[in-house]
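Below is input.cif, which holds mmCIF, C-alpha atoms and all ligand atoms.
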data_start
loop_
_atom_site.label_atom_id
_atom_site.label_comp_id
_atom_site.auth_asym_id
_atom_site.auth_seq_id
_atom_site.Cartn_x
_atom_site.Cartn_y
_atom_site.Cartn_z
CA MET A 1 -6.07 2.25 -22.57
CA ARG A 2 -3.29 4.75 -21.97
CA LEU A 3 -1.48 2.62 -19.34
CA SER A 4 1.45 1.70 -21.57
CA ARG A 5 1.91 5.33 -22.60
CA LEU A 6 2.20 6.69 -19.06
CA PRO A 7 5.80 7.27 -17.99
CA ARG A 8 7.13 4.61 -15.63
CA THR A 9 10.47 4.42 -13.83
CA PRO A 10 11.40 0.77 -13.36
CA LEU A 11 11.96 0.21 -9.63
CA ALA A 12 10.23 -3.10 -9.01
CA ALA A 13 11.17 -6.71 -9.76
CA LEU A 14 8.05 -7.83 -11.62
CA PRO A 15 6.03 -9.94 -11.86
CA THR A 16 5.88 -10.82 -8.19
CA PRO A 17 5.07 -14.49 -7.58
CA LEU A 18 1.52 -15.72 -7.14
CA GLN A 19 1.97 -18.66 -4.81
CA PRO A 20 -0.43 -21.38 -3.74
CA ALA A 21 -0.55 -21.71 0.06
CA PRO A 22 -1.47 -25.40 0.55
CA ARG A 23 -0.85 -25.71 4.28
CA LEU A 24 -2.65 -22.46 5.08
CA SER A 25 -5.47 -23.58 2.78
CA GLU A 26 -5.73 -26.87 4.61
CA ALA A 27 -5.79 -25.15 7.99
CA LEU A 28 -8.59 -22.85 6.84
CA GLY A 29 -10.54 -25.31 4.72
CA ALA A 30 -10.44 -22.88 1.77
CA THR A 31 -8.04 -22.44 -1.14
CA VAL A 32 -5.70 -19.47 -0.60
CA LEU A 33 -3.11 -18.05 -2.98
CA VAL A 34 -0.69 -15.30 -2.00
CA LYS A 35 0.35 -12.46 -4.32
CA ARG A 36 3.83 -11.68 -3.06
CA ASP A 37 4.10 -7.90 -3.31
CA ASP A 38 6.29 -8.13 -0.24
CA LEU A 39 8.87 -9.12 -2.87
CA THR A 40 8.67 -6.07 -5.12
CA GLY A 41 12.43 -5.69 -4.91
CA LEU A 42 13.13 -2.15 -3.71
CA GLY A 43 14.23 -1.86 -0.08
CA LEU A 44 12.42 -4.63 1.76
CA GLY A 45 9.58 -4.64 -0.77
CA GLY A 46 5.91 -3.78 -0.41
CA ASN A 47 3.03 -2.22 -2.30
CA LYS A 48 4.43 1.31 -2.38
CA VAL A 49 7.03 0.32 -4.97
CA ARG A 50 4.48 -0.16 -7.74
CA LYS A 51 2.96 3.25 -6.99
CA LEU A 52 6.39 4.88 -6.91
CA GLU A 53 7.24 3.61 -10.39
CA TYR A 54 4.58 5.98 -11.75
CA LEU A 55 5.01 8.76 -9.19
CA VAL A 56 8.76 9.04 -9.71
CA ALA A 57 8.32 8.94 -13.49
CA ASP A 58 5.74 11.73 -13.26
CA ALA A 59 8.13 13.76 -11.09
CA LEU A 60 10.95 13.32 -13.60
CA ALA A 61 8.66 14.14 -16.53
CA ARG A 62 7.76 17.40 -14.78
CA GLY A 63 11.43 18.28 -14.26
CA ALA A 64 11.37 17.82 -10.48
CA ASP A 65 14.62 17.63 -8.53
CA ALA A 66 13.13 16.64 -5.16
CA LEU A 67 10.35 14.44 -3.77
CA VAL A 68 8.35 15.70 -0.80
CA THR A 69 6.09 13.38 1.15
CA GLY A 70 5.30 12.29 4.68
CA GLY A 71 3.69 9.94 7.16
CA GLY A 72 4.39 8.35 10.52
CA ALA A 73 7.81 7.56 11.94
CA GLN A 74 7.37 3.94 10.82
CA SER A 75 5.73 4.65 7.46
CA ASN A 76 6.55 2.14 4.74
CA HIS A 77 5.62 4.79 2.20
CA THR A 78 8.16 7.37 3.38
CA ALA A 79 11.01 4.85 3.67
CA LEU A 80 10.35 3.47 0.19
CA THR A 81 9.98 6.96 -1.28
CA ALA A 82 13.40 7.81 0.19
CA LEU A 83 14.93 4.74 -1.44
CA ALA A 84 13.13 5.35 -4.76
CA ALA A 85 14.36 8.95 -4.78
CA ALA A 86 17.91 7.70 -4.30
CA ARG A 87 17.51 5.36 -7.27
CA ALA A 88 16.22 8.21 -9.41
CA GLY A 89 18.87 10.73 -8.32
CA LEU A 90 16.33 13.00 -6.63
CA SER A 91 16.61 14.49 -3.15
CA VAL A 92 13.91 13.54 -0.67
CA HIS A 93 12.21 15.58 2.07
CA LEU A 94 9.91 13.87 4.54
CA VAL A 95 7.36 15.34 6.95
CA VAL A 96 6.69 13.13 9.99
CA HIS A 97 3.90 13.79 12.48
CA GLY A 98 4.70 14.24 16.15
CA ASP A 99 8.13 14.66 17.68
CA PRO A 100 11.34 12.78 16.96
CA VAL A 101 11.38 9.37 18.65
CA GLU A 102 14.12 8.96 21.28
CA GLY A 103 16.91 6.47 20.72
CA PRO A 104 18.47 4.87 17.66
CA PRO A 105 16.29 4.51 14.54
CA ARG A 106 14.30 1.29 14.16
CA GLY A 107 12.37 -0.43 11.42
CA ASN A 108 11.59 1.96 8.60
CA GLY A 109 13.50 4.68 10.44
CA VAL A 110 16.68 2.73 9.69
CA LEU A 111 15.92 2.69 5.96
CA THR A 112 15.02 6.38 5.92
CA ALA A 113 18.29 7.31 7.64
CA LEU A 114 20.29 5.03 5.34
CA ALA A 115 18.74 6.71 2.29
CA GLY A 116 19.78 10.13 3.61
CA ALA A 117 16.29 11.65 3.66
CA SER A 118 15.84 15.07 5.22
CA VAL A 119 13.14 14.77 7.91
CA THR A 120 10.95 17.53 9.40
CA HIS A 121 8.62 16.83 12.34
CA THR A 122 5.25 18.54 12.69
CA HIS A 123 5.35 18.42 16.55
CA ASP A 124 1.65 17.62 16.33
CA PRO A 125 0.50 14.06 17.09
CA ASP A 126 -2.37 14.35 14.60
CA ARG A 127 -1.53 12.30 11.50
CA ALA A 128 -3.35 14.85 9.34
CA SER A 129 -0.77 17.49 10.35
CA VAL A 130 1.47 15.83 7.77
CA ASP A 131 -0.83 16.96 4.94
CA THR A 132 -0.39 20.68 5.63
CA GLY A 133 3.27 20.08 6.50
CA ILE A 134 3.96 18.55 3.09
CA GLU A 135 2.29 21.44 1.25
CA ARG A 136 4.18 24.01 3.32
CA LEU A 137 7.50 22.29 2.77
CA GLY A 138 6.84 22.01 -0.96
CA ARG A 139 6.17 25.76 -1.13
CA ARG A 140 9.29 26.55 0.89
CA LEU A 141 11.48 24.45 -1.38
CA ALA A 142 9.98 26.07 -4.48
CA GLU A 143 10.62 29.55 -3.04
CA ALA A 144 14.24 28.49 -2.49
CA GLY A 145 14.53 27.66 -6.19
CA ARG A 146 14.05 23.89 -5.98
CA ARG A 147 11.59 21.92 -8.15
CA PRO A 148 9.69 19.76 -5.65
CA TYR A 149 7.18 17.04 -6.54
CA VAL A 150 4.71 16.67 -3.70
CA ILE A 151 3.30 13.21 -2.99
CA PRO A 152 0.40 12.91 -0.52
CA ARG A 153 0.53 10.40 2.32
CA GLY A 154 0.60 6.81 1.10
CA GLY A 155 1.22 7.89 -2.51
CA ALA A 156 -2.55 8.03 -2.86
CA THR A 157 -3.02 9.82 -6.18
CA ALA A 158 -4.47 8.76 -9.51
CA VAL A 159 -0.91 8.43 -10.80
CA GLY A 160 0.08 6.17 -7.89
CA CYS A 161 -3.03 4.00 -8.36
CA VAL A 162 -1.93 3.20 -11.91
CA GLY A 163 0.68 0.87 -10.40
CA TYR A 164 -2.12 -1.31 -9.07
CA LEU A 165 -4.17 -1.16 -12.22
CA GLY A 166 -1.10 -2.66 -13.88
CA ALA A 167 -0.78 -5.16 -11.04
CA SER A 168 -4.27 -6.47 -11.67
CA LEU A 169 -3.32 -7.20 -15.29
CA GLU A 170 -0.27 -9.06 -14.00
CA LEU A 171 -2.48 -11.07 -11.64
CA ALA A 172 -4.91 -11.91 -14.44
CA SER A 173 -2.24 -13.55 -16.55
CA GLN A 174 -0.93 -15.53 -13.55
CA LEU A 175 -4.43 -16.74 -12.67
CA GLU A 176 -4.96 -17.80 -16.25
CA GLN A 177 -1.71 -19.78 -16.23
CA LEU A 178 -2.73 -21.54 -13.02
CA GLY A 179 -6.32 -22.02 -14.20
CA VAL A 180 -7.69 -20.45 -11.01
CA SER A 181 -10.80 -18.22 -10.77
CA PRO A 182 -10.83 -16.67 -7.32
CA THR A 183 -13.96 -15.32 -5.68
CA HIS A 184 -12.18 -12.86 -3.36
CA LEU A 185 -9.05 -10.71 -3.40
CA VAL A 186 -8.19 -9.53 0.11
CA LEU A 187 -5.81 -6.71 1.00
CA ALA A 188 -5.04 -4.18 3.72
CA THR A 189 -6.40 -0.71 2.94
CA GLY A 190 -4.85 2.44 4.40
CA SER A 191 -4.62 5.50 2.16
CA CYS A 192 -6.75 3.47 -0.31
CA GLY A 193 -4.75 3.84 -3.53
CA THR A 194 -3.88 0.16 -3.78
CA GLN A 195 -7.50 -0.90 -3.52
CA ALA A 196 -8.58 1.82 -5.95
CA GLY A 197 -6.14 0.64 -8.64
CA LEU A 198 -7.18 -2.99 -8.12
CA GLU A 199 -10.88 -2.03 -8.32
CA VAL A 200 -10.35 -0.30 -11.67
CA GLY A 201 -8.39 -3.30 -12.93
CA ALA A 202 -11.04 -5.76 -11.76
CA ARG A 203 -13.74 -3.81 -13.62
CA TRP A 204 -11.66 -3.46 -16.77
CA LEU A 205 -10.96 -7.19 -16.77
CA GLN A 206 -14.48 -8.11 -15.66
CA ALA A 207 -12.77 -10.23 -13.03
CA THR A 208 -14.47 -13.09 -11.21
CA TYR A 209 -13.35 -11.88 -7.79
CA ARG A 210 -14.60 -9.27 -5.33
CA VAL A 211 -11.91 -6.87 -4.15
CA VAL A 212 -12.17 -6.80 -0.35
CA GLY A 213 -10.24 -4.06 1.45
CA VAL A 214 -9.59 -4.39 5.16
CA ALA A 215 -9.52 -1.01 6.90
CA VAL A 216 -6.34 -0.76 8.96
CA SER A 217 -5.98 2.96 9.51
CA ARG A 218 -9.10 4.95 8.56
CA PRO A 219 -12.79 4.52 9.33
CA ARG A 220 -14.64 2.35 6.80
CA GLN A 221 -16.78 5.15 5.38
CA GLU A 222 -13.73 7.33 4.76
CA CYS A 223 -12.08 4.41 2.94
CA VAL A 224 -15.18 3.87 0.81
CA ARG A 225 -15.17 7.53 -0.26
CA ARG A 226 -11.45 7.57 -0.92
CA VAL A 227 -11.43 4.34 -2.96
CA ARG A 228 -14.34 5.63 -5.03
CA THR A 229 -12.69 9.00 -5.74
CA LEU A 230 -9.23 7.60 -6.43
CA ALA A 231 -10.62 4.85 -8.67
CA GLY A 232 -12.58 7.42 -10.71
CA ALA A 233 -9.48 9.59 -11.14
CA CYS A 234 -7.35 6.57 -12.07
CA ALA A 235 -9.86 5.40 -14.69
CA GLU A 236 -9.98 8.90 -16.16
CA LEU A 237 -6.19 9.24 -16.25
CA THR A 238 -5.82 5.93 -18.06
CA GLY A 239 -8.77 6.51 -20.38
CA LEU A 240 -10.62 3.42 -19.21
CA ASP A 241 -14.33 3.29 -19.76
CA VAL A 242 -15.23 1.18 -16.74
CA ALA A 243 -18.26 1.13 -14.49
CA ALA A 244 -17.84 3.56 -11.59
CA VAL A 245 -16.66 2.05 -8.32
CA GLY A 246 -19.89 2.91 -6.55
CA ASP A 247 -19.70 0.96 -3.36
CA PRO A 248 -16.28 -0.61 -2.86
CA GLU A 249 -16.14 -3.38 -0.29
CA VAL A 250 -14.24 -2.32 2.81
CA LEU A 251 -14.36 -4.31 6.04
CA ASP A 252 -13.97 -2.73 9.41
CA GLY A 253 -13.63 -4.58 12.69
CA TYR A 254 -9.99 -5.54 12.18
CA LEU A 255 -8.23 -2.36 13.32
CA GLY A 256 -7.83 -3.62 16.89
CA PRO A 257 -6.65 -0.98 19.37
CA GLY A 258 -5.82 1.45 16.53
CA HIS A 259 -3.57 2.17 13.58
CA GLY A 260 0.03 1.31 14.32
CA THR A 261 -0.92 -0.98 17.20
CA PRO A 262 -1.09 -4.77 16.81
CA SER A 263 -4.36 -6.65 17.41
CA PRO A 264 -4.70 -10.09 19.04
CA GLU A 265 -6.51 -11.44 15.93
CA GLY A 266 -3.74 -10.07 13.72
CA ARG A 267 -1.11 -11.69 15.86
CA ALA A 268 -2.90 -15.07 15.67
CA ALA A 269 -3.24 -14.71 11.89
CA ALA A 270 0.46 -13.80 11.51
CA GLU A 271 1.45 -16.85 13.54
CA LEU A 272 -0.79 -19.05 11.41
CA ALA A 273 0.77 -17.68 8.18
CA ALA A 274 4.31 -18.11 9.50
CA ARG A 275 3.68 -21.58 10.91
CA THR A 276 1.92 -22.97 7.85
CA GLU A 277 3.64 -21.16 4.97
CA GLY A 278 6.75 -19.48 6.39
CA LEU A 279 5.08 -16.23 5.39
CA VAL A 280 6.07 -13.10 7.34
CA LEU A 281 3.29 -10.57 7.92
CA ASP A 282 3.68 -7.20 9.61
CA PRO A 283 1.51 -6.42 12.65
CA VAL A 284 0.09 -3.13 11.32
CA PHE A 285 -1.21 -3.92 7.83
CA THR A 286 -0.93 -7.46 6.52
CA ALA A 287 -1.56 -9.37 9.78
CA LYS A 288 -4.86 -7.53 10.22
CA ALA A 289 -5.82 -8.24 6.59
CA MET A 290 -5.01 -11.91 7.14
CA ALA A 291 -7.25 -11.91 10.22
CA ALA A 292 -10.08 -10.80 7.94
CA LEU A 293 -9.20 -13.50 5.42
CA VAL A 294 -9.41 -16.13 8.16
CA ASP A 295 -12.99 -15.04 8.84
CA LEU A 296 -13.88 -14.76 5.14
CA SER A 297 -12.54 -18.24 4.46
CA ARG A 298 -15.49 -19.64 6.43
CA GLU A 299 -17.96 -18.34 3.87
CA ALA A 300 -15.97 -18.14 0.61
CA ALA A 301 -17.28 -20.44 -2.09
CA GLY A 302 -14.06 -20.33 -4.14
CA PRO A 303 -10.33 -19.55 -3.98
CA ILE A 304 -9.14 -16.40 -2.18
CA VAL A 305 -6.14 -14.34 -3.24
CA PHE A 306 -4.35 -12.68 -0.34
CA TRP A 307 -2.47 -9.64 -1.62
CA HIS A 308 0.63 -9.44 0.57
CA THR A 309 1.39 -5.72 0.55
CA GLY A 310 4.70 -5.96 2.44
CA GLY A 311 5.59 -3.98 5.55
CA ALA A 312 8.47 -6.26 6.61
CA PRO A 313 10.32 -3.54 8.59
CA GLY A 314 7.30 -3.29 10.91
CA ALA A 315 7.71 -6.92 11.95
CA PHE A 316 10.81 -5.87 13.89
CA VAL A 317 9.41 -2.85 15.71
CA PRO A 318 7.66 -3.32 19.04
CA SER A 319 4.48 -1.27 19.17
CA LEU A 320 4.88 2.21 20.52
CA GLY A 321 1.21 3.06 20.15
CA PRO A 322 -0.54 4.98 17.43
CA VAL A 323 1.31 8.27 17.88
CA ALA A 324 5.00 7.53 18.31
CA GLY A 325 4.98 4.32 16.32
CA GLY A 326 2.31 5.29 13.79
CA ARG A 327 2.91 4.07 10.27
CA GLY A 328 0.40 6.27 8.45
C1 LIG B 1 2.48 -2.80 4.17
C2 LIG B 1 1.33 -1.98 3.73
N1 LIG B 1 0.20 -2.60 3.37
C3 LIG B 1 -0.89 -1.93 2.95
C4 LIG B 1 -0.90 -0.54 2.91
C5 LIG B 1 -2.13 0.15 2.46
O1 LIG B 1 -1.97 0.61 1.14
P1 LIG B 1 -2.75 1.90 0.68
O2 LIG B 1 -2.16 3.05 1.45
O3 LIG B 1 -2.52 1.99 -0.77
O4 LIG B 1 -4.16 1.70 1.04
C6 LIG B 1 0.26 0.16 3.28
C7 LIG B 1 0.26 1.62 3.28
O5 LIG B 1 1.01 2.28 3.93
C8 LIG B 1 1.40 -0.57 3.68
O6 LIG B 1 2.53 0.05 4.04
#
Could you render the structure as structure tokens?
Ligand SMILES: Cc1ncc(COP(=O)(O)O)c(C=O)c1O
Amino acid sequence: MRLSRLPRTPLAALPTPLQPAPRLSEALGATVLVKRDDLTGLGLGGNKVRKLEYLVADALARGADALVTGGGAQSNHTALTALAAARAGLSVHLVVHGDPVEGPPRGNGVLTALAGASVTHTHDPDRASVDTGIERLGRRLAEAGRRPYVIPRGGATAVGCVGYLGASLELASQLEQLGVSPTHLVLATGSCGTQAGLEVGARWLQATYRVVGVAVSRPRQECVRRVRTLAGACAELTGLDVAAVGDPEVLDGYLGPGHGTPSPEGRAAAELAARTEGLVLDPVFTAKAMAALVDLSREAAGPIVFWHTGGAPGAFVPSLGPVAGGRG
């Protein structure tokens, strides 16, 4: 496997803890462990940091002097990219869908402003407007003599996925130490790169668990296609001869009113996690994934790993609806 030969810029504090959750387990009647990627150690943590270790390294290897990416006003990905760029001495240019939000920055907007990112708005509420905006901005910067490295929304590339292939190796050694063989690994799925990397890792390791993604921003079928494609590209990049990810498991039914908007089930699940384990979940990603875990716990025959993917800044932002407050 070529994983150890791929360039990596250390940004994360690894390994993140794998913690038993005894009081949550008791409440659910099923054994739950939590993989604390909310503690990855850059900014306020989260899953994007592992992806950025490989994306930033790739940018540096290609001689880039700027990172270009985008998302919603409350995107964890854009805020963490801004902070990662600062650590690497690169400038950062973000494309945000819609119009600027009135008032002082909040949540991830605070981190983005602190990091000094340059922000361009698309003035189009459609989240997909970011994709063309990023490409256009990348071209403009190149024409002006800069060397931009363009990262799609969510850091969802084969290179980004490698961070989660590595994470599944990390998990395997922690499970071995604890002597635990889980049946399920549950996580929030958005741009799908995290799940794709974990799927490749699970196949490589012939893991005992099913990787279960919980769709929190895109329709299930779109997630299935994206996980499949990204996993294939990640396996190819790392030279892994693993079975194709034909039909990745993605649950829908947990999105609630929409991406960027809390759901009642998510809120109940976040309260349960906080009140049993002191665990803070965000309303947009991890609370909805925990709501799915609560349901799965009724049928799971063995331990469940909940992959806490972070999103702490979102816990402090009241919902503004899918457009103005969108995290995508
Ligand atoms: C906190 C959090 N959890 C989960 C996800 C989903 O990860 P991915 O985009 O790799 O599917 C994101 C993506 O933005 C996120 O910010």
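Each residue with an atom within 6 Å of any atom of ligand LIG 1 (chain B) appears in the list, which was built counting only C-alpha atoms and all ligand atoms: Gly46, Asn76, His77, Gly154, Ala188, Thr189, Gly190, Ser191, Cys192, Gly193, Thr194, Phe285, Thr286, Thr309, Gly310 and Gly311 of chain A.
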Residue nearest A:Pro152 among A:Gly201, A:Gly103, A:Gly70, A:Gly89 (counting all atoms listed in the file) | A:Gly70
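The neighbours of A:Leu67 here are the residues that come within 7 Å of it, using only C-alpha atoms and leaving out any residue fewer than 4 positions away in the same chain; they are Ala85, Leu90, Ser91, Val92, His93, Pro148, Tyr149 and Val150 of chain A.
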A:Gly145, A:Gly278, A:Pro15, A:Gly213 ranked by distance to A:Glu249, top pick (using all atoms listed in the file) =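 For A:Glu249, the nearest of the candidates is A:Gly213.
Atom CA of A:Arg218 is found 10.6 Å from atom CA of A:Val250.
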What is the atom CA of A:Ala61-atom CA of A:Leu14 distance in Å, reported with one decimal?
->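 Spanning atom CA of A:Ala61 to atom CA of A:Leu14 is a straight-line distance of 22.5 Å.
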Shell around stretch 222-236 of chain A at 7 Å using all atoms listed in the file, local window under 5 positions removed, as a PyMOL selection string | chain A and resi 157-159+161-162+192-193+195-197+199-200+244-248+250
Quick one: of A:Arg36, A:Arg2, A:Arg140, A:His121, who's nearest to A:Asp99, counting only C-alpha atoms?
-> A:His121
